[in-house]
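Comments concern the structure below.
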Amino acid sequence: MATAEDRRAVARRAPGRLSFSWLGLVGFVLVLVLLAVALVQARQFALLRQAVQMGDDYVVPLVFQAEIEQLRLHEQWRRAADERVPLDTETLRLRYEIWVSRVEMLHGQNTQRLIEGQDDHRQTLQQVRDFIAAADKALGPAPTAVLDRDFVTALAPQLEALTAPMHGLSLSAAHKVSEQLMQRGVTVRQQNQLGLGLTMFLSVLTLAFAFIALRQVRQLRERRAVLEELATKLRFARREAEAASDAKSAFLANMSHEIRTPFHGLMGMLSLLRETGLTPRQIDYLRTATESADHLLALLNDILDMSQLESGRVALAVAPVDLRALLRDVEALMRPQANAKPLALHIDADPTVPERILADATRLKQIVFNLLSNAIKFTDRGAVVLDVRTRKGLSDQPEIVFAVSDTGIGMDEATQAQLFNRFVQGDSTRSRRHGGTGLGLEISRNLARLMGGDITVRSKPGEGSCFTLHMPLQVPPGPATEAAAPAPQGVEASRPLKVLVAEDHPVNRQYMAALLENLGHDAHFTTNGEEAVQALRRQRFDVVLMDLHMPVLDGVAATRAIRALTDTERSTVPIVALTADAFAETRDRCLVAGMNDFLTKPVNLERLATSLRRLFGTGMPAAQAAPAPPRQAATGRDGSPVVDEAAIAMALQAMSREKLAAMVEDFLDQAPETVQRLRAAVRDAQPLELRTNAHAAKGAALNLGLVGLAATAEALQAGAAHLPAHEVARLVQRYEDLVPATRTALRSLGVLRATPQDAVTG
Amino acid sequence: MSNFSLEERVAGCRRRTFLRLGGGLLLAAATPLHALQPPTGPVVLTVGGRVRMPNDGAQAQFDMTMLEALPQTSFTTRTPWYAQARRFTGPLLRDVLSAAGAQGSLIRLTALNDYRVDMPFEDAQRHDVIVARLLDDKPMAVRDKGPLFVIYPFDSRPELRGAVYFSRSAWQLRKIDVL
């Protein structure tokens, strides 16, 4: 958990807004300074270019040259005026021309700029122009006067007067230019200083920028470390919380399981109490006590389911399910509740719904029960309808839909939204009246989702509700395997196999002996897994037929022991499982343990032969050919089948009627003993004992085709752990009741001989 | 800041190459046959020093007609001496030097007023320096810095617009000494 301290730590070490704004400010100033540096440099460049273009520096030599030419002309002029020397007009003319060209330059722009604002210089230039005008009369390109000594002498003073001003001009230019140079130097120096300053500032700013950025990075790193630490703490906390939650779920599951065991004993006692001749008043008390106990058990079951769902311990046992039978069971259980109110209960399956589907029957039943009992609970009059159909779901996958609609109180949307939440009931004011944990719908929805489906609800207050369970429709490969079984080809002479049968139930042993004898094999028997392993140690067998549920060492454990034998010939003996369970899970368990095949009871001649053929090749005898009798079952008084004629016909293929009759008699004669053991298990609250006994009875009954007894035994086996004690007691009673009914049915089929009593009562 | 487009520069280079080649051929082929004729008019330019085709003692002398006879080049350029850009016309300096069979590393220009400036021999080859005899298509008087004016094509390259090149542009050119 994030403590307040952690949060403060994160806040404290977080890089503040302040730091970011500093970074921004420094960055901004940095950019400004860079711009300023660029500006200074641009100005320096401009200055330099201006200096070059103006050519001010060039003015000094210009003026200097002009002065020299002035002096030369002056000298030449003086010589021309000298009467002792002959007049050299050519040289004078050239000197004059050169001088003119030089002084002309002084009228140029640069010079003009230089002497700007200096009247004496302007006067000088005027003097120069005046002299040229005068001299050109004889020396110019279009002379009007004769160049003679007189002309020269006349103009000499004027030329003489130019000497001083020209010199002044020269000096002035020199000073001006050096002034300019100095000025420029100053400017350049200033700009250099400015540039230097800016560069230093720039360096400082860059350092500051780097420092702040560095600090930022460090702070981010620290912050990340804090966050990581926090995340680790949170992870730990979550793991601890999950572990605690798991532990709670496990505790809850264990406790509800533990509570149930003594509770079953209590309920068994209550049901036995009823048969002790009570007064009506005591019966009334007893009924109240039983109802309370039922309620309590329902609560325990819900809690157990929920905790198991939560801890993910629920695994679906998917197996082929007879859907119509399942619906009949549901109806049988629900009708009394509906009949207690003026309520019609309709359970209807669309003809397109397959007979058999792949599902976890117990869980599917649980969901449908829950939806129906809710509907009945919240509907006072009208009808509750369960409608089963198929449809195309999302992505065109076929779905099976169980829609439970009622004409009850209905719900508003707020209630619907909360409906699947734990401990929430449709209307809290009614929960007391209707009872229940409020876990039912949540469990149902979780189960539905586990099955790949879901539960949805549509409802309006006062108009009833409709709960819909939908799940993917899976159809088992079906009876096709049975139909495709190769036609029996009659008993062939073949290698007799030495078969070891491990089977604890005496009837089953007899039955298997008969089957193997029929197939011409040599059967040896042991009554538990331990004995089977011992037998294999002693001698070699071709194959082992292994019942799964046996005392001392069960089939799976025995198989592991055999596979672990050191003698490879013994340890690799083929093992075929025999079991009354058709669950894929059981099958997987067997194959994982190292078994080679899997036969479900009832084991008939054909199946056994097929299995052995699969293991030992086509040389094995197939089952005797016999016309398949119509699949029809003799029914008991309440209409449910008691005896499977087809199975009996199969058994009769393997053995004589007398032998079968003897076996059946044996089994039926043991029934009172079985019932006694079952009752004892109920009384002592020993669900395991109950299940083992029921399972054994179921296996034998299946082999003999006694489906009524087998179904009851199966219900006992399945419900041993969670059915209310009085239900278990009822099932045991039913088992007991079915024994005479079975006998009667077998007599009517001619398996057992009719007795005079039957003639009278039948 | 160049006033010349790339194409013009390329064209300029080609022309220079061609001229250099032409000059070389002239130099190689003409030494004995086309010896420089002596000037007929007043001498305006004397090329002295390392001259292989002298026509007056050790010097090569040119009158205006001889300079006119060489291939003429014209360009307009801004100069420090005139407010506006002016048009100059005259033979290329390198043509004048080849006509005199001059070969050296340095040339010394001397003006009428004894102004003197040295110019690397290279300059005449590298730049289209002309010995201008016409300013705006008119002959130049001495007072107009004539009659000959060494002019660099200042506007063709920015680096030419500097004091060094301005000082090498001797006006009133009188004599070239090849060193």
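Labeling convention for the structure tokens: chains A, B, ... as they appear, residues from 1 per chain, ligands from 1 in order of appearance.
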Per DSSP on the backbone, filter segment 281-433 of chain A down to the residues in strand (DSSP E) and report them as an MDAnalysis selection string. chainID A and resid 319:322 343:349 356:359 382:392 398:406
Separating atom CA of Pro165 of chain A from atom CA of Thr144 of chain A, to the nearest tenth of an Å, is a gap of 28.6 Å
Per-residue nearest contacts of segment 34-101 of chain B to segment 142-165 of chain B (10 Å; only C-alpha atoms) as a Markdown table:
| residue | atom | partner | partner_atom | distance |
| --- | --- | --- | --- | --- |
| B:Val44 | CA | B:Pro147 | CA | 7.6 |
| B:Leu45 | CA | B:Leu148 | CA | 8.2 |
| B:Met64 | CA | B:Pro147 | CA | 9.0 |
| B:Ser74 | CA | B:Pro153 | CA | 9.6 |
| B:Phe75 | CA | B:Pro153 | CA | 7.2 |
| B:Thr76 | CA | B:Pro153 | CA | 7.9 |
| B:Thr77 | CA | B:Asp155 | CA | 5.6 |
| B:Arg78 | CA | B:Asp155 | CA | 6.7 |
| B:Thr79 | CA | B:Phe154 | CA | 7.3 |
| B:Pro80 | CA | B:Arg161 | CA | 9.3 |
| B:Trp81 | CA | B:Lys145 | CA | 9.8 |
| B:Ala85 | CA | B:Asp155 | CA | 9.6 |
| B:Phe88 | CA | B:Ile151 | CA | 7.8 |
| B:Thr89 | CA | B:Ile151 | CA | 9.4 |
| B:Gly90 | CA | B:Leu148 | CA | 8.7 |
| B:Leu92 | CA | B:Val150 | CA | 9.4 |
| B:Leu93 | CA | B:Val150 | CA | 7.9 |
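Take atom CA of Gly699 of chain A and atom CA of Glu665 of chain A: the distance between them is 15.8 Å.
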Report task. Write out as a count of residues only all residues of chain B that DSSP puts in alpha helix (DSSP H) for this structure's backbone. Result -> 50
### Message
Please check the contacts: residues of chain A at most 6 Å away from chain B, using only C-alpha atoms, listed as a VMD selection string.
### Response
chain A and resid 97 to 98 100 to 101
Writer output for current selection, N, CA and C atoms, as a short mmCIF file (atom, residue, chain, number, x, y, z; two decimals), in the first residue's frame:
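In the end it all went to result_36.cif:
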data_model
loop_
_atom_site.label_atom_id
_atom_site.label_comp_id
_atom_site.auth_asym_id
_atom_site.auth_seq_id
_atom_site.Cartn_x
_atom_site.Cartn_y
_atom_site.Cartn_z
N GLU A 97 48.97 68.44 -67.07
CA GLU A 97 47.91 67.43 -67.29
C GLU A 97 47.85 66.46 -66.11
N ILE A 98 49.07 66.02 -65.72
CA ILE A 98 49.12 65.06 -64.60
C ILE A 98 48.55 65.72 -63.34
N VAL A 100 46.42 68.14 -63.19
CA VAL A 100 44.96 68.28 -63.33
C VAL A 100 44.29 66.95 -62.98
N SER A 101 44.87 65.87 -63.54
CA SER A 101 44.23 64.57 -63.28
C SER A 101 44.23 64.28 -61.78
#
Excluding same-chain residues fewer than 4 positions from segment 680-693 of chain A, what lies within 7 Å of it counting only C-alpha atoms, as a ChimeraX atom specification?
/A:261-262,264-265,268-269,676,697,716-717,720-721
- Message: I want to know what sits within 12 Å of Arg116 of chain B, based on only C-alpha atoms, with residues of the same chain fewer than 2 positions away left out; could you give that as a VMD selection string?
- Response: (chain A and resid 65) or (chain B and resid 107 to 114 118 to 119 167 to 177)
Could you turn the residues from that selection into a file that holds N, CA and C atoms, as a PDB file, in the first residue's frame?
ATOM      1  N   GLN A  65      49.373  62.336 -53.263  1.00  0.00           N
ATOM      2  CA  GLN A  65      49.814  62.360 -54.656  1.00  0.00           C
ATOM      3  C   GLN A  65      49.537  63.725 -55.278  1.00  0.00           C
TER       4      GLN A  65
ATOM      5  N   ILE B 107      55.377  42.003 -62.330  1.00  0.00           N
ATOM      6  CA  ILE B 107      55.496  43.121 -63.270  1.00  0.00           C
ATOM      7  C   ILE B 107      55.375  44.411 -62.496  1.00  0.00           C
ATOM      8  N   ARG B 108      56.185  45.366 -62.879  1.00  0.00           N
ATOM      9  CA  ARG B 108      56.179  46.653 -62.190  1.00  0.00           C
ATOM     10  C   ARG B 108      55.575  47.679 -63.125  1.00  0.00           C
ATOM     11  N   LEU B 109      54.490  48.329 -62.667  1.00  0.00           N
ATOM     12  CA  LEU B 109      53.803  49.309 -63.496  1.00  0.00           C
ATOM     13  C   LEU B 109      54.287  50.696 -63.088  1.00  0.00           C
ATOM     14  N   THR B 110      54.592  51.499 -64.062  1.00  0.00           N
ATOM     15  CA  THR B 110      55.016  52.872 -63.762  1.00  0.00           C
ATOM     16  C   THR B 110      54.133  53.838 -64.533  1.00  0.00           C
ATOM     17  N   ALA B 111      53.673  54.904 -63.809  1.00  0.00           N
ATOM     18  CA  ALA B 111      52.776  55.873 -64.429  1.00  0.00           C
ATOM     19  C   ALA B 111      53.564  57.126 -64.834  1.00  0.00           C
ATOM     20  N   LEU B 112      52.872  57.979 -65.551  1.00  0.00           N
ATOM     21  CA  LEU B 112      53.501  59.218 -66.021  1.00  0.00           C
ATOM     22  C   LEU B 112      54.075  60.003 -64.837  1.00  0.00           C
ATOM     23  N   ASN B 113      53.369  59.967 -63.725  1.00  0.00           N
ATOM     24  CA  ASN B 113      53.835  60.755 -62.573  1.00  0.00           C
ATOM     25  C   ASN B 113      54.791  59.962 -61.722  1.00  0.00           C
ATOM     26  N   ASP B 114      55.347  58.880 -62.294  1.00  0.00           N
ATOM     27  CA  ASP B 114      56.305  58.015 -61.600  1.00  0.00           C
ATOM     28  C   ASP B 114      55.666  57.223 -60.464  1.00  0.00           C
ATOM     29  N   ASP B 118      53.793  47.206 -57.910  1.00  0.00           N
ATOM     30  CA  ASP B 118      54.122  45.850 -58.396  1.00  0.00           C
ATOM     31  C   ASP B 118      52.869  44.984 -58.435  1.00  0.00           C
ATOM     32  N   MET B 119      52.855  44.143 -59.427  1.00  0.00           N
ATOM     33  CA  MET B 119      51.693  43.260 -59.588  1.00  0.00           C
ATOM     34  C   MET B 119      52.250  41.869 -59.897  1.00  0.00           C
ATOM     35  N   SER B 167      45.143  49.679 -55.795  1.00  0.00           N
ATOM     36  CA  SER B 167      46.469  50.302 -55.930  1.00  0.00           C
ATOM     37  C   SER B 167      47.219  49.756 -57.147  1.00  0.00           C
ATOM     38  N   ARG B 168      46.898  48.489 -57.523  1.00  0.00           N
ATOM     39  CA  ARG B 168      47.581  47.923 -58.689  1.00  0.00           C
ATOM     40  C   ARG B 168      47.027  48.495 -59.995  1.00  0.00           C
ATOM     41  N   SER B 169      45.849  49.132 -59.874  1.00  0.00           N
ATOM     42  CA  SER B 169      45.257  49.691 -61.088  1.00  0.00           C
ATOM     43  C   SER B 169      45.929  51.056 -61.372  1.00  0.00           C
ATOM     44  N   ALA B 170      47.019  50.987 -62.038  1.00  0.00           N
ATOM     45  CA  ALA B 170      47.779  52.224 -62.304  1.00  0.00           C
ATOM     46  C   ALA B 170      47.159  52.975 -63.465  1.00  0.00           C
ATOM     47  N   TRP B 171      46.965  54.234 -63.258  1.00  0.00           N
ATOM     48  CA  TRP B 171      46.489  55.018 -64.401  1.00  0.00           C
ATOM     49  C   TRP B 171      47.637  55.811 -64.970  1.00  0.00           C
ATOM     50  N   GLN B 172      47.404  56.413 -66.107  1.00  0.00           N
ATOM     51  CA  GLN B 172      48.484  57.117 -66.823  1.00  0.00           C
ATOM     52  C   GLN B 172      49.671  56.195 -66.979  1.00  0.00           C
ATOM     53  N   LEU B 173      49.364  54.919 -67.329  1.00  0.00           N
ATOM     54  CA  LEU B 173      50.401  53.892 -67.432  1.00  0.00           C
ATOM     55  C   LEU B 173      51.395  54.279 -68.517  1.00  0.00           C
ATOM     56  N   ARG B 174      52.666  54.135 -68.185  1.00  0.00           N
ATOM     57  CA  ARG B 174      53.700  54.561 -69.119  1.00  0.00           C
ATOM     58  C   ARG B 174      54.625  53.409 -69.428  1.00  0.00           C
ATOM     59  N   LYS B 175      54.893  52.566 -68.387  1.00  0.00           N
ATOM     60  CA  LYS B 175      55.929  51.562 -68.554  1.00  0.00           C
ATOM     61  C   LYS B 175      55.603  50.316 -67.756  1.00  0.00           C
ATOM     62  N   ILE B 176      55.927  49.163 -68.363  1.00  0.00           N
ATOM     63  CA  ILE B 176      55.793  47.896 -67.643  1.00  0.00           C
ATOM     64  C   ILE B 176      57.162  47.247 -67.605  1.00  0.00           C
ATOM     65  N   ASP B 177      57.622  46.918 -66.371  1.00  0.00           N
ATOM     66  CA  ASP B 177      58.896  46.191 -66.250  1.00  0.00           C
ATOM     67  C   ASP B 177      58.579  44.785 -65.798  1.00  0.00           C
TER      68      ASP B 177
END
- How many Å separate atom CA of Thr674 of chain A from atom CA of Glu714 of chain A?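 Separation of atom CA of Thr674 of chain A and atom CA of Glu714 of chain A: 13.9 Å.
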